[in-house]
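What follows is the content of model-v1.txt (compact mmCIF, C-alpha atoms).
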# COMPACT_ATOMS: atom_id res chain seq x y z
CA MET A 1 -162.44 135.66 146.02
CA LYS A 2 -160.12 134.77 148.89
CA ARG A 3 -161.92 131.40 149.31
CA ASN A 4 -161.62 130.61 145.59
CA THR A 5 -157.89 131.33 145.67
CA LEU A 6 -157.51 129.02 148.64
CA VAL A 7 -159.48 126.21 146.92
CA LEU A 8 -157.49 126.65 143.72
CA SER A 9 -154.21 126.50 145.65
CA ILE A 10 -155.28 123.29 147.40
CA VAL A 11 -156.36 121.74 144.06
CA LEU A 12 -153.02 122.66 142.49
CA LEU A 13 -151.18 121.26 145.50
CA LEU A 14 -153.18 118.02 145.36
CA LEU A 15 -152.56 117.70 141.61
CA ALA A 16 -148.84 118.23 142.18
CA VAL A 17 -148.78 115.58 144.93
CA PHE A 18 -150.66 113.06 142.78
CA ALA A 19 -148.50 113.81 139.75
CA TRP A 20 -145.39 113.29 141.86
CA ALA A 21 -146.86 110.02 143.22
CA GLY A 22 -147.53 108.86 139.67
CA TRP A 23 -144.02 109.77 138.53
CA ALA A 24 -142.47 108.06 141.59
CA ASN A 25 -144.57 104.98 140.88
CA TRP A 26 -143.39 104.93 137.24
CA GLU A 27 -139.73 105.33 138.29
CA TYR A 28 -140.11 102.50 140.80
CA ARG A 29 -141.67 100.21 138.19
CA LYS A 30 -138.96 101.14 135.69
CA GLN A 31 -136.14 100.36 138.13
CA ALA A 32 -137.79 97.11 139.24
CA ALA A 33 -138.21 96.05 135.60
CA GLU A 34 -134.54 96.85 134.88
CA LYS A 35 -133.48 94.76 137.87
CA ARG A 36 -135.67 91.87 136.66
CA LEU A 37 -134.20 92.17 133.15
CA ALA A 38 -130.65 92.07 134.52
CA SER A 39 -131.28 89.08 136.75
CA ALA A 40 -133.28 87.22 134.07
CA ALA A 41 -130.42 87.59 131.56
CA LYS A 42 -128.03 85.97 134.03
CA ALA A 43 -130.47 83.40 135.32
CA GLU A 44 -130.50 81.25 132.22
CA LEU A 45 -126.90 80.06 132.43
CA VAL A 46 -125.68 80.22 135.99
CA THR A 47 -122.43 79.01 137.42
CA ALA A 48 -123.66 76.94 140.29
CA SER A 49 -120.55 77.56 142.38
CA ALA A 50 -122.29 80.76 143.36
CA ALA A 51 -125.09 78.58 144.69
CA GLY A 52 -122.62 76.30 146.43
CA ASP A 53 -122.93 73.05 144.46
CA GLY A 54 -119.74 72.88 142.48
CA ASP A 55 -118.55 74.52 139.33
CA ILE A 56 -121.49 73.49 137.16
CA GLN A 57 -123.57 75.58 134.78
CA HIS A 58 -127.32 75.07 134.80
CA PHE A 59 -129.31 75.85 131.72
CA SER A 60 -132.97 76.66 131.97
CA SER A 61 -134.56 75.71 128.65
CA PRO A 62 -138.11 76.65 127.64
CA LEU A 63 -138.40 73.08 126.28
CA LEU A 64 -138.35 71.58 129.80
CA SER A 65 -141.46 69.47 130.54
CA HIS A 66 -142.56 69.80 126.90
CA PRO A 67 -142.47 67.20 124.12
CA ALA A 68 -139.10 67.25 122.36
CA PRO A 69 -139.41 68.89 118.92
CA LYS A 70 -139.55 66.16 116.26
CA PHE A 71 -136.88 65.93 113.61
CA THR A 72 -135.42 63.73 110.92
CA LEU A 73 -131.74 64.14 110.05
CA GLU A 74 -129.24 62.17 108.01
CA ASP A 75 -126.48 60.19 109.63
CA LEU A 76 -122.98 60.05 108.17
CA SER A 77 -123.94 57.27 105.76
CA GLY A 78 -126.89 59.25 104.42
CA LYS A 79 -129.53 57.20 106.25
CA LYS A 80 -132.45 59.20 107.61
CA VAL A 81 -132.87 58.99 111.37
CA SER A 82 -135.94 60.35 113.10
CA LEU A 83 -136.43 61.07 116.78
CA ASP A 84 -139.80 59.32 116.56
CA SER A 85 -138.10 55.99 115.95
CA TYR A 86 -136.73 56.10 119.53
CA LYS A 87 -140.14 56.25 121.20
CA GLY A 88 -140.14 54.16 124.34
CA LYS A 89 -136.42 54.81 124.93
CA ALA A 90 -134.73 57.49 127.02
CA VAL A 91 -132.74 59.66 124.61
CA LEU A 92 -129.95 62.18 125.05
CA ILE A 93 -129.73 64.61 122.13
CA ASN A 94 -126.18 65.95 122.28
CA PHE A 95 -125.34 68.91 120.04
CA TRP A 96 -121.61 69.18 119.37
CA ALA A 97 -119.15 70.38 116.74
CA THR A 98 -115.68 69.45 115.56
CA TRP A 99 -114.34 72.91 116.54
CA CYS A 100 -115.68 72.66 120.10
CA GLY A 101 -112.98 71.89 122.70
CA PRO A 102 -115.38 71.28 125.62
CA CYS A 103 -117.30 68.80 123.39
CA LYS A 104 -114.09 66.79 123.02
CA ILE A 105 -113.82 66.61 126.81
CA GLU A 106 -117.44 65.58 127.23
CA THR A 107 -117.62 62.91 124.51
CA PRO A 108 -115.69 60.14 126.34
CA TRP A 109 -118.09 60.55 129.28
CA LEU A 110 -121.04 60.15 126.91
CA VAL A 111 -119.51 57.03 125.34
CA GLU A 112 -119.04 55.46 128.79
CA LEU A 113 -122.53 56.39 129.97
CA ARG A 114 -124.10 55.06 126.79
CA ASN A 115 -122.35 51.72 127.29
CA GLN A 116 -123.48 51.68 130.91
CA TYR A 117 -127.17 52.46 130.33
CA ALA A 118 -127.91 51.14 126.81
CA SER A 119 -129.31 47.87 128.19
CA LYS A 120 -131.91 49.84 130.16
CA GLY A 121 -133.29 51.43 127.00
CA PHE A 122 -131.04 54.49 126.64
CA GLU A 123 -129.61 55.96 123.45
CA ILE A 124 -127.58 59.02 122.48
CA LEU A 125 -128.08 60.95 119.27
CA GLY A 126 -124.91 62.96 118.61
CA VAL A 127 -126.01 65.88 116.44
CA SER A 128 -123.19 67.74 114.74
CA ALA A 129 -123.78 71.48 114.49
CA ASP A 130 -120.89 71.95 112.05
CA ASP A 131 -121.70 74.33 109.24
CA LEU A 132 -122.34 72.42 105.99
CA ASP A 133 -122.03 73.69 102.41
CA LEU A 134 -125.10 71.83 101.17
CA ASP A 135 -124.82 73.36 97.67
CA ASP A 136 -121.17 72.47 97.16
CA LYS A 137 -120.75 68.69 96.84
CA LYS A 138 -116.96 68.76 97.14
CA LYS A 139 -116.94 70.91 100.27
CA LEU A 140 -119.84 68.94 101.74
CA ALA A 141 -117.90 65.70 101.28
CA GLU A 142 -114.87 67.24 103.05
CA GLU A 143 -117.05 68.50 105.91
CA LYS A 144 -118.71 65.10 106.32
CA SER A 145 -115.28 63.51 106.31
CA ASP A 146 -114.11 65.87 109.11
CA ILE A 147 -117.17 64.99 111.20
CA ALA A 148 -116.64 61.26 110.57
CA LYS A 149 -112.97 61.58 111.55
CA PHE A 150 -113.89 63.27 114.83
CA ALA A 151 -116.59 60.67 115.54
CA GLN A 152 -114.11 57.86 114.88
CA GLN A 153 -111.35 59.40 116.98
CA GLU A 154 -113.74 59.90 119.87
CA HIS A 155 -115.21 56.36 119.52
CA MET A 156 -118.78 57.62 119.13
CA GLN A 157 -120.61 54.32 118.70
CA TYR A 158 -124.00 55.98 118.81
CA PRO A 159 -125.80 57.54 115.81
CA VAL A 160 -124.03 60.67 114.62
CA LEU A 161 -126.36 62.98 112.74
CA ILE A 162 -125.39 65.96 110.59
CA ASN A 163 -126.89 69.36 109.76
CA GLY A 164 -127.81 70.04 113.39
CA GLU A 165 -127.94 73.74 112.52
CA SER A 166 -131.36 73.07 110.97
CA LEU A 167 -132.63 72.39 114.52
CA ASP A 168 -131.38 75.76 115.76
CA LYS A 169 -134.86 77.28 116.01
CA PRO A 170 -136.90 74.40 117.52
CA TYR A 171 -134.13 73.66 120.01
CA GLY A 172 -133.85 77.21 121.34
CA GLY A 173 -131.01 78.82 119.43
CA LEU A 174 -128.04 76.48 120.09
CA ASP A 175 -126.04 79.53 121.12
CA ALA A 176 -123.28 77.47 122.68
CA LEU A 177 -121.94 73.92 122.53
CA PRO A 178 -122.09 71.34 123.91
CA THR A 179 -125.84 71.48 124.52
CA SER A 180 -127.78 68.40 125.61
CA TYR A 181 -131.47 67.59 125.93
CA PHE A 182 -132.58 64.58 127.99
CA ILE A 183 -135.83 63.02 126.79
CA ASP A 184 -137.87 60.48 128.73
CA ARG A 185 -139.57 57.37 127.33
CA ASN A 186 -142.71 59.41 126.56
CA GLY A 187 -140.79 61.91 124.42
CA ASN A 188 -140.77 64.77 126.96
CA VAL A 189 -137.72 66.90 127.76
CA VAL A 190 -136.86 66.27 131.41
CA ALA A 191 -133.52 68.09 131.60
CA ALA A 192 -131.22 70.29 129.53
CA GLU A 193 -127.58 71.30 129.84
CA MET A 194 -125.57 73.94 128.04
CA GLY A 195 -121.80 73.86 128.26
CA LEU A 196 -119.51 71.37 129.88
CA THR A 197 -120.87 70.14 133.20
CA SER A 198 -119.61 66.85 134.68
CA LYS A 199 -120.01 63.13 134.10
CA ALA A 200 -122.00 62.88 137.34
CA ASP A 201 -124.35 65.62 136.18
CA LEU A 202 -124.88 63.87 132.82
CA GLU A 203 -125.49 60.56 134.57
CA GLY A 204 -128.02 62.13 136.95
CA ASN A 205 -130.00 63.48 134.01
CA ILE A 206 -129.78 60.18 132.11
CA ARG A 207 -131.25 58.40 135.14
CA LYS A 208 -133.96 61.05 135.29
CA ALA A 209 -134.80 60.38 131.62
CA LEU A 210 -134.90 56.65 132.37
CA GLY A 211 -137.31 57.33 135.23
CA GLU A 212 -134.97 55.96 137.90
CA MET B 1 -166.56 124.37 143.25
CA SER B 2 -167.27 121.80 145.99
CA TRP B 3 -164.61 119.89 147.90
CA ALA B 4 -166.06 116.62 146.58
CA SER B 5 -165.61 117.66 142.97
CA VAL B 6 -162.06 118.85 143.68
CA LEU B 7 -161.16 115.53 145.28
CA LYS B 8 -162.82 113.58 142.43
CA ALA B 9 -160.84 115.51 139.83
CA ALA B 10 -157.58 114.98 141.70
CA VAL B 11 -158.15 111.21 142.11
CA GLY B 12 -159.07 110.95 138.44
CA PHE B 13 -155.88 112.74 137.43
CA SER B 14 -153.76 110.53 139.64
CA ALA B 15 -155.39 107.40 138.22
CA LEU B 16 -154.62 108.65 134.73
CA VAL B 17 -150.96 109.25 135.64
CA ASN B 18 -150.71 105.77 137.16
CA ILE B 19 -152.32 104.10 134.14
CA CYS B 20 -149.83 105.87 131.89
CA ALA B 21 -147.03 104.71 134.17
CA ALA B 22 -148.28 101.14 134.04
CA GLN B 23 -148.51 101.30 130.24
CA GLY B 24 -144.89 102.38 130.11
CA GLN B 25 -143.74 99.48 132.24
CA ILE B 26 -140.81 97.57 130.73
CA PRO B 27 -141.82 94.00 129.81
CA MET B 28 -140.16 91.00 131.42
CA ALA B 29 -137.13 89.58 129.65
CA ASP B 30 -137.71 86.68 127.30
CA SER B 31 -137.09 83.55 129.34
CA THR B 32 -134.75 82.22 126.63
CA ASN B 33 -132.14 84.93 127.36
CA ARG B 34 -128.72 83.52 128.17
CA SER B 35 -125.48 85.04 129.28
CA ILE B 36 -123.62 83.30 126.47
CA GLY B 37 -124.59 83.65 122.87
CA HIS B 38 -125.97 87.18 123.01
CA GLY B 39 -123.99 89.82 121.20
CA ALA B 40 -120.53 89.41 119.79
CA PRO B 41 -117.74 88.57 122.24
CA VAL B 42 -115.28 90.42 119.97
CA GLU B 43 -115.52 94.14 119.36
CA TYR B 44 -113.59 96.31 116.89
CA LEU B 45 -112.07 99.27 118.71
CA PHE B 46 -110.13 101.57 116.33
CA PRO B 47 -109.13 103.26 114.04
CA GLU B 48 -112.40 104.48 112.57
CA GLN B 49 -110.61 106.56 109.94
CA VAL B 50 -107.12 106.47 108.39
CA THR B 51 -105.47 108.72 105.82
CA ILE B 52 -102.74 107.00 103.82
CA PRO B 53 -100.80 107.72 100.63
CA ALA B 54 -102.65 106.17 97.67
CA GLY B 55 -101.30 103.37 95.53
CA LYS B 56 -98.75 101.69 97.82
CA PRO B 57 -98.93 99.39 100.85
CA GLN B 58 -99.31 101.38 104.06
CA PRO B 59 -99.27 100.02 107.63
CA VAL B 60 -102.55 100.25 109.54
CA GLU B 61 -102.86 98.70 112.99
CA LEU B 62 -106.34 97.43 113.86
CA HIS B 63 -107.35 96.99 117.48
CA PHE B 64 -109.93 94.56 118.86
CA ARG B 65 -111.24 93.63 122.30
CA ILE B 66 -112.48 90.23 123.48
CA ALA B 67 -115.09 90.21 126.25
CA GLN B 68 -113.90 89.08 129.67
CA GLY B 69 -114.08 85.32 130.21
CA PHE B 70 -113.87 84.51 126.50
CA HIS B 71 -110.97 83.49 124.28
CA ILE B 72 -110.74 83.09 120.53
CA ASN B 73 -108.37 80.90 118.54
CA SER B 74 -105.30 82.73 117.28
CA HIS B 75 -104.57 82.96 113.56
CA THR B 76 -102.51 79.79 113.91
CA PRO B 77 -104.34 77.36 116.22
CA LYS B 78 -102.42 74.26 117.24
CA GLU B 79 -105.05 71.80 115.95
CA ASP B 80 -106.45 71.43 112.42
CA TYR B 81 -110.02 71.20 113.63
CA LEU B 82 -109.95 74.63 115.33
CA ILE B 83 -111.11 77.72 113.45
CA PRO B 84 -108.46 80.44 113.03
CA THR B 85 -109.03 84.16 113.42
CA VAL B 86 -108.87 85.76 109.97
CA PHE B 87 -109.15 89.39 108.88
CA SER B 88 -110.29 90.15 105.34
CA VAL B 89 -111.17 93.09 103.12
CA PRO B 90 -113.82 92.66 100.41
CA GLU B 91 -112.73 93.03 96.80
CA SER B 92 -113.68 96.14 94.86
CA ALA B 93 -113.81 98.33 97.94
CA GLY B 94 -111.16 100.71 96.59
CA VAL B 95 -108.88 99.29 99.23
CA ARG B 96 -106.87 96.06 99.07
CA LEU B 97 -105.34 94.07 101.89
CA ALA B 98 -101.68 93.60 100.95
CA SER B 99 -100.80 91.68 104.10
CA ALA B 100 -101.93 90.98 107.65
CA THR B 101 -99.60 90.09 110.48
CA TYR B 102 -101.32 88.55 113.47
CA PRO B 103 -100.06 88.49 117.04
CA ASP B 104 -98.79 85.22 118.46
CA GLY B 105 -101.41 83.35 120.43
CA ALA B 106 -101.00 82.77 124.14
CA ASP B 107 -100.91 79.19 125.45
CA PHE B 108 -104.17 78.25 127.13
CA THR B 109 -105.57 75.03 128.56
CA LEU B 110 -109.05 74.09 129.66
CA PRO B 111 -109.08 73.05 133.35
CA LEU B 112 -110.54 69.62 132.48
CA ASP B 113 -108.07 68.99 129.66
CA PRO B 114 -104.67 70.28 130.83
CA ALA B 115 -102.85 68.13 128.27
CA THR B 116 -104.27 70.01 125.29
CA LYS B 117 -102.61 73.37 124.74
CA LEU B 118 -104.54 75.93 122.74
CA SER B 119 -103.20 79.06 121.05
CA VAL B 120 -105.64 81.87 121.81
CA TYR B 121 -106.19 85.60 122.06
CA THR B 122 -107.77 87.14 125.14
CA GLY B 123 -108.39 90.74 126.18
CA GLU B 124 -107.19 93.25 123.59
CA PHE B 125 -105.19 92.38 120.49
CA ALA B 126 -104.03 94.16 117.34
CA ILE B 127 -103.56 93.01 113.74
CA GLN B 128 -100.83 94.77 111.72
CA THR B 129 -102.19 95.21 108.22
CA LYS B 130 -100.81 96.77 105.07
CA LEU B 131 -103.53 98.39 103.00
CA ILE B 132 -103.33 99.70 99.45
CA ALA B 133 -105.90 102.41 98.81
CA GLU B 134 -106.97 104.00 95.58
CA ARG B 135 -107.17 107.78 95.63
CA GLY B 136 -110.35 109.00 97.29
CA ASN B 137 -112.52 108.25 100.29
CA HIS B 138 -113.51 104.61 100.84
CA LEU B 139 -115.80 103.29 103.55
CA VAL B 140 -114.45 99.76 103.87
CA GLN B 141 -116.60 97.07 105.46
CA ALA B 142 -113.81 94.66 106.36
CA SER B 143 -114.44 91.45 108.33
CA LEU B 144 -113.01 89.51 111.21
CA HIS B 145 -113.90 85.82 111.31
CA TYR B 146 -113.35 84.04 114.62
CA GLN B 147 -114.68 81.37 116.93
CA ALA B 148 -115.03 82.12 120.63
CA CYS B 149 -115.27 79.93 123.71
CA ASP B 150 -115.30 80.35 127.44
CA GLN B 151 -114.04 77.66 129.82
CA ASN B 152 -117.15 75.47 129.44
CA ALA B 153 -118.73 76.17 126.09
CA CYS B 154 -118.06 77.36 122.57
CA MET B 155 -120.08 79.72 120.44
CA PRO B 156 -120.53 79.07 116.72
CA PRO B 157 -118.03 80.77 114.37
CA LYS B 158 -118.89 84.39 113.77
CA THR B 159 -117.93 87.18 111.37
CA ILE B 160 -118.05 90.78 112.54
CA THR B 161 -117.85 93.86 110.36
CA VAL B 162 -114.83 96.09 110.77
CA PRO B 163 -115.83 99.48 109.37
CA ILE B 164 -112.88 101.73 108.42
CA ASP B 165 -113.02 105.00 106.56
CA VAL B 166 -109.87 104.88 104.40
CA ILE B 167 -108.78 108.10 102.72
CA GLY B 168 -106.21 107.63 99.98
CA ASN B 169 -104.41 110.81 98.98

What would the structure in this file look like if it were written as structure tokens?
Amino acid sequence: MKRNTLVLSIVLLLLAVFAWAGWANWEYRKQAAEKRLASAAKAELVTASAAGDGDIQHFSSPLLSHPAPKFTLEDLSGKKVSLDSYKGKAVLINFWATWCGPCKIETPWLVELRNQYASKGFEILGVSADDLDLDDKKKLAEEKSDIAKFAQQEHMQYPVLINGESLDKPYGGLDALPTSYFIDRNGNVVAAEMGLTSKADLEGNIRKALGE
Amino acid sequence: MSWASVLKAAVGFSALVNICAAQGQIPMADSTNRSIGHGAPVEYLFPEQVTIPAGKPQPVELHFRIAQGFHINSHTPKEDYLIPTVFSVPESAGVRLASATYPDGADFTLPLDPATKLSVYTGEFAIQTKLIAERGNHLVQASLHYQACDQNACMPPKTITVPIDVIGN
């Protein structure tokens, strides 16, 4: 009887120890997962000043090293423009909008860089993410006119495409503008930027897309 | 009961606990998560409920908060191409918006474009409205339309719901 009580006590003690170990393990995993979640949420758009290389934001896109999603959009004159038609060229797909202040700052840099690198086989597709009333002809005409006015004021001599919102899903949400994807001559995404960075940063990624 | 069977049972129990713990592990965040673009940068604070005399315009002050690091255009931005902040109340809600008076925007410039002055709201702000309520209890789903930016990027225009329980008596 005494022996049985002793064995039972030891079993209960062991069970308690193992249960505690299991609970502690679960708590540890939970806390580690929460830490990973917190750091992952911040990791996608990081101000690089924290990393010591200037006040630049780096954007980690899931499209990196993958073929750029294909699309065909209309330009301001109604002509259909497809990404496929730029095969063999390095392409910068720049999402912007008329209401986006940082886009206005970035556009003159893009115009200069396009002039500088066009002869090497580089092109920019400026994709407007302005909301369009596709079912209301009058409003649509006004919206197109606003986009054209912006493009003219900013001297965008490259193709300006509309209805960029339709690319929201394949291009990862377009949560903020400007957003740029740099595509190499084989059609693969080699770099991506979200938010205003710098002319030097844009140029570095253009050269990367050109394979320099 | 042998010691071996006791130990076997204990190890089995522990393994079970650990498997359950592993099953409950929180999955890794989706790699497309970003600090910008998730959630609304503007939040409606209060009031949740107001009681006002029915049938005539009554002042109701609505309070909002903008997340740190963001700004939104004021109701009267300095440039035509910028999207103003606008409060609205849907028709046939038993409550009508007689008027809305917005705070003045604060001058703001982007570091890379100091020449362009913007008129924005940051932090907390309040809109002075005058509401006309019919007699009774009305759960109004009003709206605030705005467009937010931080110093480097802009988020698409957004409309948030402003839920107010308006009691007209």

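Every protein or nucleic acid residue with an atom no more than 7 Å from Ala100 of chain B, counting only C-alpha atoms and leaving out same-chain residues fewer than 5 positions away, appears here: Ile127, Gln128, Thr129 and Lys130 of chain B.
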
Expected file contents, prior selection, C-alpha atoms, as a PDB file, keeping the file's coordinate frame:
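File produced: out_37.pdb:
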ATOM      1  CA  ILE B 127    -103.560  93.010 113.740  1.00  0.00           C
ATOM      2  CA  GLN B 128    -100.830  94.770 111.720  1.00  0.00           C
ATOM      3  CA  THR B 129    -102.190  95.210 108.220  1.00  0.00           C
ATOM      4  CA  LYS B 130    -100.810  96.770 105.070  1.00  0.00           C
TER       5      LYS B 130
END

For Ile164 of chain B, list every protein, DNA or RNA residue within 8 Å, evaluated using only C-alpha atoms, and leave out those in the same chain fewer than 3 positions away; present the list as a ChimeraX atom specification. /B:47-50,139-142

One number please: atom CA of Glu134 of chain B to atom CA of Pro103 of chain B, in Å, one decimal. 27.4 Å

Put the listed atoms of segment 119-122 of chain A in a box along x, y and z with 6 Å added on every side and give me the centre and edge lengths in Å to one decimal, as JSON.
{"center_x": -131.3, "center_y": 51.2, "center_z": 128.4, "size_x": 16.0, "size_y": 18.6, "size_z": 15.5}

With all atoms listed in the file as the atoms that count, which of A:Asp168, A:Asp84, A:Glu154, A:Asp175 lies nearest to Lys104 of chain A?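 Checking each candidate against Lys104 of chain A, we get A:Glu154 as the closest.
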
Shell of 8 Å around segment 93-101 of chain A, all atoms listed in the file, local chain residues under 2 positions omitted, as a list in words: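 Selected residues are Val91, Cys103, Lys104, Ile105, Ile124, Leu125, Gly126, Val127, Ser128, Ala129, Asp130, Asp146, Ile147, Phe150, Gly164, Leu177, Pro178, Thr179, Ser180, Tyr181, Phe182 and Ile183 of chain A; Tyr81, Leu82, Ile83, Ala153 and Cys154 of chain B.
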